[in-house]
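Notes follow once the structure below has been shown.
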Amino acid sequence: MALSLAKSTFFSNPTSYFPKNGIRSFGFLVPFSSFSTSSPFPAVDGVHGHKKRQSSVVASALDLGGVKISKDEIVRDDPTNNIPDTIFAKLGMQLHRRNQHPLGILKNAIYDYFDTNYPDKFDKFDDLCPIVSVTQNFDEVLVPADHISRSYNDTYYVDSQTVLRCHTSAHQAELLRNGHTHFLVTGDVYRRDSIDSTHYPVFHQMEGVRVFAPNDWEGSGTDATSHAAEDLKKCLEGLARHLFGGVEMRWVDTYFPFTSPSFELEIYFQDQWMEVLGCGVTEQEILKRSGRTDNVAWAFGLGLERLAMVLFDIPDIRLFWSTDERFTSQFSSGRLGLKFKPFSKYPPCYKDMSFWISDSFTENNLCEVVRGIAGDLAEEVKLIDNFTNKKGMTSHCYRIAYRSMERSLTDEEINDLQWKVREQVENKLKVVLR
């Protein structure tokens with residue numbers, strides 16, 4: 001599924017199981033499995049002596065289905081391009097296709113549910129290219145032309161007509177046109193976002209779609225929409241029990257521009273209500289455009305990180321990208337819900353930065369600058385103060401938390417990072433430091 005106008009977010013956000021002020025909630029049809037960055041190699045952390053896999057440089061080219069795509073085609077000095085090296089480096093990593101990674105374990109557990117309950121029904125796609133057209137990413141799932149999600153502040157653009165997909169729904173219309181009626185699409189998705197323990201600019205989603213023909217609901221005593229909605233809820237309640245056990249559930253009516261009616265499924269888990277996914281009966285316009293005027297369909301979307309953080313007790317979304325064997329060795333193929341055992345508790349270091357903002361300033365742009373310099377050492381960027389003076393100038397003060405999940409950071413390191421951040425913030429964001 002796609003975007004929520006009401007919430008200005010996608011159907012399956014990475015992290016909606018937290019309270020409302022915390023983690024949020026729901027191309028080319030070319031195999032993406034050969035897309036790869038430079039090969040990582042075993043190395044030894046000089047501080048702790050733990051083996052790590054690391055890559056010292058960003059690959060200069062990617063291999064897509066035997067066709068070379070150079071870095072210069074994805075990361076350009078062009079006003080219509082806003083993709084940094086740090087995002088290019090994530091292309092092709094495909095954490096969801098690693099069977100011993102928490103995301104791969106969760107994906108396979110969901111596959112098991114559908115294979116058991118719908119044998120040989122659902123086609124599975126997990127290697128579709130994340131480089132898609134604006135039409136695929138927005139227009140074909142009915143995202144309005146003026147929706148905020150289309151902005152350069154929210155989406156990574158290769159050029160004015162090409163983006164890194166914001167959601168797996170970018171492939172929905174093409175799969176429908178190609179004759180698929182039952183399918184699951186899993187993949188890495190990209191959004192410019194804030195910095196904290198539950199948000200990351202690259203995360204992973206799964207989308208499910210089922211199409212019904214008239215003979216599926218005729219004679220059932222219900223209309224097509226009611227039949228699809230009832231089947232959808234039955235399917236997803238079973239999925240929730242498969243993943244979380246015998247939990248209490250409830251359905252919440254909501255709004256999405258691409259489904260009607262639309263729902264969110266919540267479960268009562270660890271003493272609080274937790275949103276699991278968003279779903280609904282597909283808007284007829286989407287089916288009509290795909291040549292399916294006599295059909296109805298349902299669709300759902302879920303964020304893998306959001307659920308995996310709960311099921312595996314993983315406290316920080318950055319850990320999914322860790323190559324430290326103290327993390328990777330804790331998980332095994334097919335073992336859903338193994339609880340993560342923290343291997344380090346290094347303290348954070350906080351640095352504050354105040355500046356007068358310009359009209360063009362956005363927090364997402366600030367976070368892009370911080371990530372570009374500090375990478376995953378940046379744990380959180382938080383607005384702690386703001387005011388407007390008598391001249392109408394607005395000041396923001398942000399607190400940046402630096403912390404490595406693998407080692408202690410030195411004062412010299414942190415001070416160097418902070419000075420570079422200050423310099424780049426002033427130069428790139430056109431603010432005036434205080």
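If you're wondering about the labels, chains in the structure tokens are A, B, ... by order shown, residues count from 1 in each chain, ligands from 1 in order shown.
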List every residue of range 297-342 of chain A that DSSP, applied to the backbone of this structure, places in helix (DSSP H, G or I), and write the result as number ranges by chain.
A: 304-311, 317-321, 325-328
Can you pull out every residue from range 191-280 of chain A that DSSP, working from the backbone, puts in strand (DSSP E), and format the result as a ChimeraX atom specification?
/A:202-212,249-256,259-269,272-280
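Counting only C-alpha atoms, range 240-249 of chain A has the following residues at most 10 Å away, ignoring those fewer than 3 positions along the same chain: Leu106, Ala109, Ile110, Asp112, Tyr113, Cys235, Leu236, Glu237, Leu265, Glu266, Ile267, Tyr268, Phe269, Trp273, Met274, Glu275, Val276, Leu277, Leu307, Val310, Leu311, Leu336 and Gly337 of chain A.
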Just-selected residues, N, CA and C atoms written as a PDB file, in the first residue's frame:
```pdb
ATOM      1  N   LEU A 106      12.115 -12.771   9.709  1.00  0.00           N
ATOM      2  CA  LEU A 106      10.725 -12.325   9.774  1.00  0.00           C
ATOM      3  C   LEU A 106      10.042 -12.476   8.420  1.00  0.00           C
ATOM      4  N   ALA A 109       9.158 -16.015   7.924  1.00  0.00           N
ATOM      5  CA  ALA A 109       8.055 -16.437   8.798  1.00  0.00           C
ATOM      6  C   ALA A 109       6.709 -16.024   8.189  1.00  0.00           C
ATOM      7  N   ILE A 110       6.662 -14.846   7.589  1.00  0.00           N
ATOM      8  CA  ILE A 110       5.430 -14.399   6.924  1.00  0.00           C
ATOM      9  C   ILE A 110       5.170 -15.255   5.683  1.00  0.00           C
ATOM     10  N   ASP A 112       5.983 -18.323   5.374  1.00  0.00           N
ATOM     11  CA  ASP A 112       5.494 -19.613   5.880  1.00  0.00           C
ATOM     12  C   ASP A 112       3.990 -19.569   6.139  1.00  0.00           C
ATOM     13  N   TYR A 113       3.533 -18.453   6.695  1.00  0.00           N
ATOM     14  CA  TYR A 113       2.104 -18.310   6.977  1.00  0.00           C
ATOM     15  C   TYR A 113       1.299 -18.380   5.684  1.00  0.00           C
ATOM     16  N   CYS A 235      -7.494 -13.007   7.083  1.00  0.00           N
ATOM     17  CA  CYS A 235      -6.110 -13.309   6.713  1.00  0.00           C
ATOM     18  C   CYS A 235      -5.116 -12.655   7.666  1.00  0.00           C
ATOM     19  N   LEU A 236      -5.322 -11.385   7.953  1.00  0.00           N
ATOM     20  CA  LEU A 236      -4.329 -10.644   8.743  1.00  0.00           C
ATOM     21  C   LEU A 236      -4.419 -10.955  10.231  1.00  0.00           C
ATOM     22  N   GLU A 237      -5.594 -11.298  10.721  1.00  0.00           N
ATOM     23  CA  GLU A 237      -5.682 -11.768  12.106  1.00  0.00           C
ATOM     24  C   GLU A 237      -4.902 -13.072  12.265  1.00  0.00           C
ATOM     25  N   LEU A 265      -4.629  -2.623  11.927  1.00  0.00           N
ATOM     26  CA  LEU A 265      -4.737  -3.725  12.875  1.00  0.00           C
ATOM     27  C   LEU A 265      -3.820  -3.441  14.054  1.00  0.00           C
ATOM     28  N   GLU A 266      -4.388  -3.473  15.246  1.00  0.00           N
ATOM     29  CA  GLU A 266      -3.611  -3.289  16.463  1.00  0.00           C
ATOM     30  C   GLU A 266      -3.708  -4.542  17.320  1.00  0.00           C
ATOM     31  N   ILE A 267      -2.622  -4.839  18.036  1.00  0.00           N
ATOM     32  CA  ILE A 267      -2.634  -5.952  18.979  1.00  0.00           C
ATOM     33  C   ILE A 267      -2.215  -5.431  20.347  1.00  0.00           C
ATOM     34  N   TYR A 268      -2.692  -6.111  21.391  1.00  0.00           N
ATOM     35  CA  TYR A 268      -2.292  -5.726  22.746  1.00  0.00           C
ATOM     36  C   TYR A 268      -1.067  -6.555  23.106  1.00  0.00           C
ATOM     37  N   PHE A 269       0.069  -5.896  23.177  1.00  0.00           N
ATOM     38  CA  PHE A 269       1.345  -6.593  23.312  1.00  0.00           C
ATOM     39  C   PHE A 269       2.237  -5.818  24.261  1.00  0.00           C
ATOM     40  N   TRP A 273      -1.271  -1.138  23.374  1.00  0.00           N
ATOM     41  CA  TRP A 273      -1.776  -1.377  22.036  1.00  0.00           C
ATOM     42  C   TRP A 273      -0.719  -0.968  21.022  1.00  0.00           C
ATOM     43  N   MET A 274      -0.476  -1.855  20.085  1.00  0.00           N
ATOM     44  CA  MET A 274       0.583  -1.664  19.106  1.00  0.00           C
ATOM     45  C   MET A 274       0.013  -1.828  17.709  1.00  0.00           C
ATOM     46  N   GLU A 275       0.244  -0.852  16.846  1.00  0.00           N
ATOM     47  CA  GLU A 275      -0.182  -0.962  15.461  1.00  0.00           C
ATOM     48  C   GLU A 275       0.724  -1.938  14.722  1.00  0.00           C
ATOM     49  N   VAL A 276       0.123  -2.885  14.025  1.00  0.00           N
ATOM     50  CA  VAL A 276       0.887  -3.904  13.304  1.00  0.00           C
ATOM     51  C   VAL A 276       1.012  -3.566  11.823  1.00  0.00           C
ATOM     52  N   LEU A 277      -0.068  -3.093  11.231  1.00  0.00           N
ATOM     53  CA  LEU A 277      -0.048  -2.830   9.783  1.00  0.00           C
ATOM     54  C   LEU A 277      -1.241  -1.984   9.389  1.00  0.00           C
ATOM     55  N   LEU A 307       8.263  -4.436  13.229  1.00  0.00           N
ATOM     56  CA  LEU A 307       7.872  -5.687  13.888  1.00  0.00           C
ATOM     57  C   LEU A 307       9.074  -6.431  14.445  1.00  0.00           C
ATOM     58  N   VAL A 310      10.291  -5.376  17.890  1.00  0.00           N
ATOM     59  CA  VAL A 310       9.489  -5.920  18.980  1.00  0.00           C
ATOM     60  C   VAL A 310       9.766  -7.403  19.184  1.00  0.00           C
ATOM     61  N   LEU A 311       9.737  -8.157  18.100  1.00  0.00           N
ATOM     62  CA  LEU A 311       9.865  -9.611  18.210  1.00  0.00           C
ATOM     63  C   LEU A 311      11.238 -10.045  18.709  1.00  0.00           C
ATOM     64  N   LEU A 336      12.334 -17.349  14.829  1.00  0.00           N
ATOM     65  CA  LEU A 336      11.675 -16.066  15.022  1.00  0.00           C
ATOM     66  C   LEU A 336      11.559 -15.756  16.507  1.00  0.00           C
ATOM     67  N   GLY A 337      11.915 -14.534  16.877  1.00  0.00           N
ATOM     68  CA  GLY A 337      11.700 -14.076  18.243  1.00  0.00           C
ATOM     69  C   GLY A 337      12.828 -14.343  19.209  1.00  0.00           C
TER      70      GLY A 337
END
```
Residue neighbourhood Phe114 in chain A, 10 Å, only C-alpha atoms, exclusion window fewer than 5 positions, as a PyMOL selection string
chain A and resi 108-109+119-122+184+235+238-239
Against range 366-376 of chain A, which residues of range 197-227 of chain A fall within 12 Å? For each one I want the closest pair of atoms and the distance in Å (one decimal), counting only C-alpha atoms, rows by chain and increasing residue number, as JSON lines.
```
{"residue": "A:Ser197", "atom": "CA", "partner": "A:Asp376", "partner_atom": "CA", "distance": 10.6}
{"residue": "A:His199", "atom": "CA", "partner": "A:Cys367", "partner_atom": "CA", "distance": 11.1}
{"residue": "A:Tyr200", "atom": "CA", "partner": "A:Asp376", "partner_atom": "CA", "distance": 9.6}
{"residue": "A:Pro201", "atom": "CA", "partner": "A:Glu368", "partner_atom": "CA", "distance": 9.1}
```
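Closest approach to Lys428 in chain A among A:Ser169, A:Ser358, A:Lys391, A:Arg150 is made by A:Ser358 (distances from only C-alpha atoms).
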Residues at most 10 Å from Thr362 in chain A, counting only C-alpha atoms, excluding those fewer than 5 positions away in the same chain, as a list in words?
Asn153, Ile357, Cys367 and Leu429 of chain A
Near range 129-144 of chain A, 10 Å: range 230-266 of chain A residue rows, closest pairs, only C-alpha atoms, as JSON lines:
```
{"residue": "A:Phe256", "atom": "CA", "partner": "A:Val143", "partner_atom": "CA", "distance": 9.7}
{"residue": "A:Pro257", "atom": "CA", "partner": "A:Leu142", "partner_atom": "CA", "distance": 6.6}
{"residue": "A:Phe258", "atom": "CA", "partner": "A:Leu142", "partner_atom": "CA", "distance": 6.0}
{"residue": "A:Thr259", "atom": "CA", "partner": "A:Val141", "partner_atom": "CA", "distance": 9.6}
```
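Shortest atom-to-atom contact with Gly291 in chain A among A:Asn427, A:Thr186, A:Ser408, A:Asn178: A:Asn178, counting only C-alpha atoms.
Using only C-alpha atoms, the protein and nucleic acid residues lying no more than 9 Å from Thr155 in chain A, apart from those fewer than 4 places from it along its own chain, are Asn82, Ser149, Arg150, Ser151, Val163, Leu164, Arg165, Cys166, Tyr190, Arg191 and Arg192 of chain A.
Between CA of Asp126 in chain A and CA of Met405 in chain A there is a distance of 29.0 Å.
Distances from A:His147, A:Lys234, A:Arg403, A:Arg434 to Asp316 in chain A were compared using only C-alpha atoms, and the smallest one belongs to A:Arg403.
Our summary of the geometry notes that CA of Arg407 in chain A is positioned 19.8 Å from CA of Ile195 in chain A.
Separating CA of Phe263 in chain A from CA of Gly278 in chain A is a distance of 5.9 Å.
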Shell around Gly187 in chain A at 8 Å using only C-alpha atoms, local window under 4 positions removed, as an MDAnalysis selection string:
chainID A and resid 94 96 126:128 130 168 204:206
May I ask which of the residues A:Val211, A:Leu409, A:Ala224, A:Val75 is the closest one to Tyr346 in chain A, counting only C-alpha atoms?
A:Leu409
